[in-house]
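Have a look at the structure below, then the notes.
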Amino acid sequence: MAISPIDSLLVMPSPTHARSYQSAVAEGYAPDAAAPPLLVDGRFDAHLAWMNEQGGEVRQIDGRMVERAPHVQLWLVHAYTFIGRVNIRFRLTDDLRVWGGNIGYAIRPSFREKGFGRHILALALPVARESGLRGALLTCLSTNKASIRVIEANGGQLAETGPHPTLPEQTVRRYWIDLPV
Ligand SMILES: CC(C)(COP(=O)(O)OP(=O)(O)OC[C@H]1O[C@@H](n2cnc3c(N)ncnc32)[C@H](O)[C@@H]1OP(=O)(O)O)[C@@H](O)C(=O)NCCC(=O)NCCS
């Protein structure tokens, strides 16, 4: 039976979904660019642990090391099936204000265009609000039609557009979503 978004929920990453996560990667799901390799000496632990480590620094696409904001990575799952991830950053750094924002997400390729993108952001917003955020910044490329639809369907208001920090040919759209008490 096909899984629908309403049957999926957010959980903390854990070995319970490791096998399904690895099959998502095999089908083209891209883990966080800064994450350690999927398997180190045949073990998944380092990759998994990295997702919710706090403090320290994280490598940017351009190679710079920048402060890692307080954050959580949650997985959208149904039973033992990994569907996607959402990263919620509870404080903005100067880099995140330009690119990244408070919330980022990705759905594994075989589950795209079925409403899971819209659903994962809808589930992440109350988590952000519970943390005390009263507004969430979301950024996406102007060419990312699916993400634009996901953000706008969740109440995103376009605040500005500007150049991407490392991709000179790309434009970034910055949206705010209100998180009233
Ligand atoms: C962006 C992403 C999360 C969307 O996930 P998804 O599960 O396909 O999204 P949904 O099924 O909820 O679709 C949301 C809307 O986008 C539209 N859409 C989905 N894929 C699309 C595409 N390739 N082109 C145009 N529109 C698209 C859907 O039709 C839907 O439109 P609607 O609101 O009018 O019904 C997914 O494509 C993805 O993981 N991409 C790679 C990572 C990424 O880009 N993350 C966002 C970074 S800002």
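If you're wondering about the labels, chains in the structure tokens are A, B, ... by order shown, residues count from 1 in each chain, ligands from 1 in order shown.
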Tell me, as a compact mmCIF listing (two decimals) with C-alpha atoms, in the first residue's frame, which residues lie within 9 Å of segment 139-154 of chain A, counting only C-alpha atoms; anything in the same chain fewer than 6 positions away does not count.
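The resulting out08.txt:
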# COMPACT_ATOMS: atom_id res chain seq x y z
CA LEU A 96 22.66 31.32 7.67
CA ARG A 97 21.05 34.73 7.12
CA VAL A 98 22.49 34.71 3.61
CA TRP A 99 22.02 31.01 2.78
CA GLY A 100 20.50 28.22 4.83
CA GLY A 101 18.10 30.04 7.12
CA ASN A 102 16.40 28.37 10.06
CA ILE A 103 14.99 25.35 8.22
CA GLY A 104 16.23 23.13 5.39
CA GLU A 113 6.08 15.00 -5.89
CA GLY A 115 3.23 15.97 -0.90
CA GLY A 117 7.98 18.15 1.00
CA ARG A 118 5.01 20.26 1.97
CA HIS A 119 4.31 17.91 4.91
CA LEU A 121 7.96 21.64 6.53
CA ALA A 122 4.48 21.73 8.07
CA LEU A 125 7.24 24.63 12.01
CA THR A 161 16.12 38.02 -3.45
CA HIS A 164 24.02 33.22 -3.86
CA GLN A 170 22.28 31.68 -8.94
CA THR A 171 19.75 33.90 -7.18
CA VAL A 172 18.57 33.18 -3.63
CA ARG A 173 15.00 33.79 -2.50
CA ARG A 174 14.61 34.55 1.22
CA TYR A 175 11.27 33.92 2.88
CA TRP A 176 9.94 34.42 6.40
CA ILE A 177 7.26 32.26 7.96
Exercise for the section: With a distance cut-off of 10 Å and only C-alpha atoms, select the neighbouring residues of Leu123 of chain A, excluding the residue or stretch itself and same-chain residues fewer than 6 positions from it, and output the selection as number ranges by chain. Expected result: A: 8-10, 76, 86
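For the atom pair formed by atom 10 (P, counted along the ligand's line) of ligand 1 and atom CA of Phe116 of chain A, the distance is 5.3 Å, given to one decimal.
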Practice task
Enumerate the residues of chain A with a DSSP assignment of strand (DSSP E or B), computed from the backbone, and present them as JSON, numbers by chain.
Solution key: {"A": [9, 10, 11, 40, 43, 57, 58, 59, 65, 66, 67, 71, 72, 73, 74, 75, 76, 77, 78, 81, 82, 83, 84, 85, 86, 87, 88, 89, 103, 104, 105, 106, 107, 135, 136, 137, 138, 139, 140, 141, 157, 158, 159, 160, 161, 162, 163, 171, 172, 173, 174, 175, 176, 177, 178]}
Exercise for the section: Considering only C-alpha atoms, return as a ChimeraX atom specification whatever protein or nucleic-acid residues lie within 8 Å of segment 14-30 of chain A, sequence-local ones (same chain, fewer than 4 positions apart) excluded. Expected result: /A:38,44,48,80-83,106-110
Handout entry: Residues within 7 Å of Gly55 of chain A, only C-alpha atoms, excluding chain neighbours under 3 positions, as an NGL selection string
Key = :A and (68-70)
Practice task
May I ask for the distance between atom CA of Gly56 of chain A and atom CA of Glu130 of chain A, given in Å to one decimal place?
Solution key: 24.1 Å
